[in-house]
Amino acid sequence: MTKKPFSQHVDLDMFIPATSAEKEYMVQMRPSSTFFKDGVKRLLKNKVATVCFFIIVLITLMSIFLPMFWPYSYDQMLGITPGRPVDPSYNNLAPFEYGSTEQERIAAGESVFPHIFGTDASGRDYFIRVIYGTRISLAVGFFASIIVLIIGLTIGSIAGYCGGKVDLVIMRIVDMIYSLPDMLMVILLSSVLKVSGLEQAIEGTVLAKIGSNIISLFIVFGVLYWVSMSRLIRGQILSLREQEYVLAARATGAKGGWIIRKHLIPNCISVVVISTALQIPSAIFTESYLSFLGLGVNAPMPSLGSLAADALNGMSTYPLRLVIPAIVISLIVLSLNLFGDGLRDAFDPKLNN
Amino acid sequence: MNSKLLWYIIKRLLLAVATVWLVITVTFFVTRAVPGGPFLSEKATTEAVTAALEAKYGLDKPVFQQYLTYLKDIITELDFGPSLKQRGREVIDIIGDGLKTSAKLGVIAAFSALAVGVVLGAVAALRRNKIIDKVIMVITTAFVSMPSFIMGSLLLVVFAVKLHMLPANGSTAEGLILPIITLSLYPMAYITRLTRSSMLDVLGQDYIRTAKAKGVSGPRIIFGHALKNSLIPVITYFGPMLAYIITGSLVVEQVFAVPGIGRAFVNSITNRDYPLIMGTTIVLATLIVVMNLISDLLYKVVDPRINLE
């Protein structure tokens with residue numbers, strides 16, 4: 001049968017089964033990769049960032065799980081037993097030394113858990129205090145960054161998406177807060193919040209255990225530190241909202257909140273995650289700084305900053321007590337910074353071009 | 001272009017004024033939230049005494065009127081009121097005394113950070129990936145990730161307590177050496193990294209290749225062409241560096257017992273001397289805002305390529 005050149009009829013010759021040689025072409029040489037997988041692969045290639053990641057995970061796990069089965073607690077003064085005079089032999093022990101009653105028990109053949117870093121001036125096991133301090137510092141860094149993230153994300157995306165007058169007003173406010181000297185404001189606000197009834201307000205709740213100072217630190221972070229995050233997100237959203245898929249979503253009748261949540265935020269999520277990761281070390285820095293000035297955690301709860309500050313008094317005789325928290329803070333901040341940099345190199349698509 | 005620059009300067013000036021106003025306002029209303037008001041100490045007094053004190057400090061007037069008076073006193077005669085704890089002294093006098101010491105400390109720290117940082121950064125860039133570059137980068141990374149009070153304490157342990165080389169107390173001229181080193185280490189490390197990366201950037205530019213092709217000598221390329229252009233980012237860091245040095249000096253002065261404004265501020269927090277807290281915050285904040293303004297303007301003037309939004 002001859003086929004007319006402009007006929008719509010299907011040419012059956014085009015539907016013969018493929019030969020095995022042709023099938024070879026269709027074999028998937030390697031599984032398709034997602035953006036996330038690519039990023040993880042790039043991150044793992046970065047040795048420094050990978051090592052830092054494991055250091056962070058190790059420190060975090062230690063600070064969470066070690067206190068659960070450690071025989072000493074952070075506020076237990078070992079020299080004090082009810083009904084007996086205070087035993088001063090427990091105060092200021094050097095690493096792997098024991099108090100008098102412990103030495104008796106060792107002489108009697110019992111095994112006593114060692115004080116790895118010794119004890120402090122009140123006879124508290126210093127190792128567990130450092131671990132607890134690390135826990136507090138990490139928690140403060142983490143939650144402060146989450147607060148900054150939530151506020152910055154909300155305000156930044158509203159400013160970016162609405163544009164016009166809303167954007168102008170929000171951005172002028174951001175400009176002003178941005179040029180405020182943050183540390184001075186943090187100190188001012190925490191010193192005032194400390195005495196202005198916050199203590200009574202949180203009494204009896206879970207928050208009371210954390211202490212009013214840390215709560216005021218969170219408040220301060222929430223008030224001051226969201227600006228750079230919201231600037232970043234606004235910039236991202238300003239460029240994203242001009243994309244065709246946003247126009248398409250709007251044409252099909254999607255509302256503003258839906259477009260922000262389903263289209264804009266997922267597309268700038270990598271930038272957001274990276275800057276949140278880089279926010280954590282700066283929050284830890286701020287907390288240690290405030291603890292050093294006596295505006296941080298409430299005693300007897302330790303944080304790395306307050307441990308270092310306490311150690312300053314006996315610095316010449318017990319330099320180890322200053323050096324240990326100093327090393328831990330520096331290690332955490334350094335690894336978080338390097339890991340954050342690695343994360344940015346691996347996940348920020350703009351840097352790859 | 002010039003009118004654009006002028007417009008930018010006006011905009012930045014307005015923003016700076018607004019920021020200082022915001023600082024004063026926040027400081028005022030935040031300290032007003034303290035129970036009993038900032039001018040009253042916590043000691044129990046009779047009602048008559050309290051009333052007399054309130055009348056003396058104008059606390060019986062409406063809050064907004066107090067605010068206007070406070071604002072007016074600051075603007076017209078730099079009057080922050082009397083100190084609560086140091087009887088008979090005005091806040092502005094305490095600040096002035098402290099600033100003399102702190103300014104000396106800060107200026108020397110800033111300039112030594114700048115000098116050492118630029119040299120180290122240039123050396124690292126010129127010897128890229130050599131051992132000296134790696135050593136410089138590792139050391140500066142360590143300095144950047146260490147809080148200043150820890151750095152200060154460690155220096156104190158090593159040089160004052162163990163080696164007895166320098167005094168631990170910062171009230172003498174010799175005693176200022178350690179605080180200056182402590183304060184300058186972080187900005188020095190930052191400037192080193194900044195200079196290194198911008199120097200590497202500049203060295204890859206076409207005009208450097210042209211100069212090389214023309215047969216210009218190595219030092220001449222570095223000092224005549226590369227260094228000048230690679231210092232532009234360092235100028236932007238000037239403002240933040242000053243802010244760092246000011247807030248850093250709060251703890252460093254505490255560690256070394258330097259009688260500066262930072263120590264006065266920290267002591268005023270522990271003493272709850274609110275007029276002093278307010279005064280110091282406002283003065284230091286204004287200083288930081290002004291320095292940021294100058295560094296931003298300088299940046300735009302020095303590099304005409306910068307886009308003025």
# chains A, B, ... in the order shown; residues from 1 in each chain; ligands from 1
$ residues_around --residues "Arg241 in chain A" --least-positions-apart "6" --cutoff "10 Å" --atoms "only C-alpha atoms" --output "ChimeraX atom specification"
/A:160-162,247,259-260,263-264
$ select_by_dssp --residues "range 202-339 of chain A" --states "alpha helix (DSSP H)" --output "PyMOL selection string"
chain A and resi 207-210+212-224+226-240+244-251+256-259+265-267+269-292+304-311+320-339
$ residues_around --residues "range 30-39 of chain A" --least-positions-apart "3" --cutoff "10 Å" --atoms "only C-alpha atoms" --output "PyMOL selection string"
chain A and resi 27+42-45+270+343-349
$ write_last_selection --atoms "C-alpha atoms" --output "CSV table (one decimal), in the first residue's frame"
chain,number,residue,atom,x,y,z
A,27,VAL,CA,20.0,1.3,29.8
A,42,ARG,CA,30.2,17.3,47.5
A,43,LEU,CA,30.1,17.8,51.2
A,44,LEU,CA,31.6,14.4,51.9
A,45,LYS,CA,34.4,15.2,49.5
A,270,SER,CA,19.4,25.8,51.1
A,343,LEU,CA,27.7,23.3,53.7
A,344,ARG,CA,27.6,26.6,51.8
A,345,ASP,CA,30.2,25.4,49.3
A,346,ALA,CA,28.3,22.1,48.8
A,347,PHE,CA,24.7,23.4,48.7
A,348,ASP,CA,24.7,26.9,47.4
A,349,PRO,CA,24.0,26.5,43.7
$ closest_atom_pairs --of "chain B" --to "chain A" --cutoff "8 Å" --atoms "only C-alpha atoms" --output "JSON lines"
{"residue": "B:Leu15", "atom": "CA", "partner": "A:Met176", "partner_atom": "CA", "distance": 6.9}
{"residue": "B:Ala16", "atom": "CA", "partner": "A:Ser179", "partner_atom": "CA", "distance": 8.0}
{"residue": "B:Ala18", "atom": "CA", "partner": "A:Met176", "partner_atom": "CA", "distance": 7.2}
{"residue": "B:Thr19", "atom": "CA", "partner": "A:Met176", "partner_atom": "CA", "distance": 5.5}
{"residue": "B:Leu22", "atom": "CA", "partner": "A:Met176", "partner_atom": "CA", "distance": 7.9}
{"residue": "B:Val23", "atom": "CA", "partner": "A:Leu180", "partner_atom": "CA", "distance": 7.1}
{"residue": "B:Thr27", "atom": "CA", "partner": "A:Leu188", "partner_atom": "CA", "distance": 7.5}
{"residue": "B:Val30", "atom": "CA", "partner": "A:Val192", "partner_atom": "CA", "distance": 7.0}
{"residue": "B:Thr31", "atom": "CA", "partner": "A:Val192", "partner_atom": "CA", "distance": 6.3}
{"residue": "B:Ala33", "atom": "CA", "partner": "A:Ser196", "partner_atom": "CA", "distance": 6.4}
{"residue": "B:Val34", "atom": "CA", "partner": "A:Ser196", "partner_atom": "CA", "distance": 5.0}
{"residue": "B:Pro35", "atom": "CA", "partner": "A:Ser196", "partner_atom": "CA", "distance": 6.0}
{"residue": "B:Thr141", "atom": "CA", "partner": "A:Leu334", "partner_atom": "CA", "distance": 7.8}
{"residue": "B:Ala142", "atom": "CA", "partner": "A:Leu334", "partner_atom": "CA", "distance": 7.4}
{"residue": "B:Ser145", "atom": "CA", "partner": "A:Leu334", "partner_atom": "CA", "distance": 5.4}
{"residue": "B:Met146", "atom": "CA", "partner": "A:Ser330", "partner_atom": "CA", "distance": 5.2}
{"residue": "B:Pro147", "atom": "CA", "partner": "A:Phe285", "partner_atom": "CA", "distance": 6.6}
{"residue": "B:Phe149", "atom": "CA", "partner": "A:Tyr289", "partner_atom": "CA", "distance": 7.6}
{"residue": "B:Ile150", "atom": "CA", "partner": "A:Ala326", "partner_atom": "CA", "distance": 6.0}
{"residue": "B:Ser153", "atom": "CA", "partner": "A:Leu312", "partner_atom": "CA", "distance": 7.1}
{"residue": "B:Leu154", "atom": "CA", "partner": "A:Val323", "partner_atom": "CA", "distance": 7.4}
{"residue": "B:Val157", "atom": "CA", "partner": "A:Ser316", "partner_atom": "CA", "distance": 6.5}
{"residue": "B:Val161", "atom": "CA", "partner": "A:Ser316", "partner_atom": "CA", "distance": 6.0}
{"residue": "B:Lys162", "atom": "CA", "partner": "A:Ser316", "partner_atom": "CA", "distance": 7.7}
{"residue": "B:Ala243", "atom": "CA", "partner": "A:Pro181", "partner_atom": "CA", "distance": 7.3}
{"residue": "B:Thr247", "atom": "CA", "partner": "A:Met183", "partner_atom": "CA", "distance": 6.7}
{"residue": "B:Val251", "atom": "CA", "partner": "A:Leu293", "partner_atom": "CA", "distance": 7.3}
{"residue": "B:Val266", "atom": "CA", "partner": "A:Leu293", "partner_atom": "CA", "distance": 7.0}
{"residue": "B:Ile269", "atom": "CA", "partner": "A:Ser191", "partner_atom": "CA", "distance": 6.5}
{"residue": "B:Thr270", "atom": "CA", "partner": "A:Gly294", "partner_atom": "CA", "distance": 7.9}
{"residue": "B:Ile277", "atom": "CA", "partner": "A:Leu188", "partner_atom": "CA", "distance": 7.3}
{"residue": "B:Thr281", "atom": "CA", "partner": "A:Leu184", "partner_atom": "CA", "distance": 6.2}
{"residue": "B:Ala285", "atom": "CA", "partner": "A:Pro181", "partner_atom": "CA", "distance": 5.8}
{"residue": "B:Ile288", "atom": "CA", "partner": "A:Pro181", "partner_atom": "CA", "distance": 6.8}
{"residue": "B:Val289", "atom": "CA", "partner": "A:Ser179", "partner_atom": "CA", "distance": 6.7}
$ residues_around --residues "Leu156 in chain B" --least-positions-apart "6" --cutoff "9 Å" --atoms "only C-alpha atoms" --output "CSV table (one decimal) with N, CA and C atoms, in the first residue's frame"
chain,number,residue,atom,x,y,z
A,315,MET,N,42.9,31.4,88.6
A,315,MET,CA,43.6,31.1,87.3
A,315,MET,C,45.0,30.6,87.5
B,162,LYS,N,52.7,32.6,84.6
B,162,LYS,CA,53.7,31.6,84.5
B,162,LYS,C,55.1,32.2,84.2
B,166,LEU,N,55.1,40.1,81.9
B,166,LEU,CA,54.4,41.4,81.8
B,166,LEU,C,53.4,41.4,83.0
B,167,PRO,N,53.1,42.6,83.5
B,167,PRO,CA,52.2,42.7,84.6
B,167,PRO,C,50.8,42.3,84.2
B,168,ALA,N,50.0,41.7,85.2
B,168,ALA,CA,48.7,41.3,85.0
B,168,ALA,C,47.7,42.4,85.1
B,178,LEU,N,49.4,43.6,77.2
B,178,LEU,CA,48.6,42.4,77.1
B,178,LEU,C,47.2,42.7,76.6
B,255,VAL,N,39.1,41.6,82.4
B,255,VAL,CA,40.1,40.6,82.6
B,255,VAL,C,41.3,41.2,83.2
B,256,PHE,N,41.8,42.3,82.6
B,256,PHE,CA,43.1,42.9,82.9
B,256,PHE,C,43.0,44.1,83.9
$ residues_around --residues "range 194-204 of chain B" --least-positions-apart "5" --cutoff "6 Å" --atoms "only C-alpha atoms" --output "list in words"
Val118, Gly121, Ala122, Ala125 and Ser230 of chain B
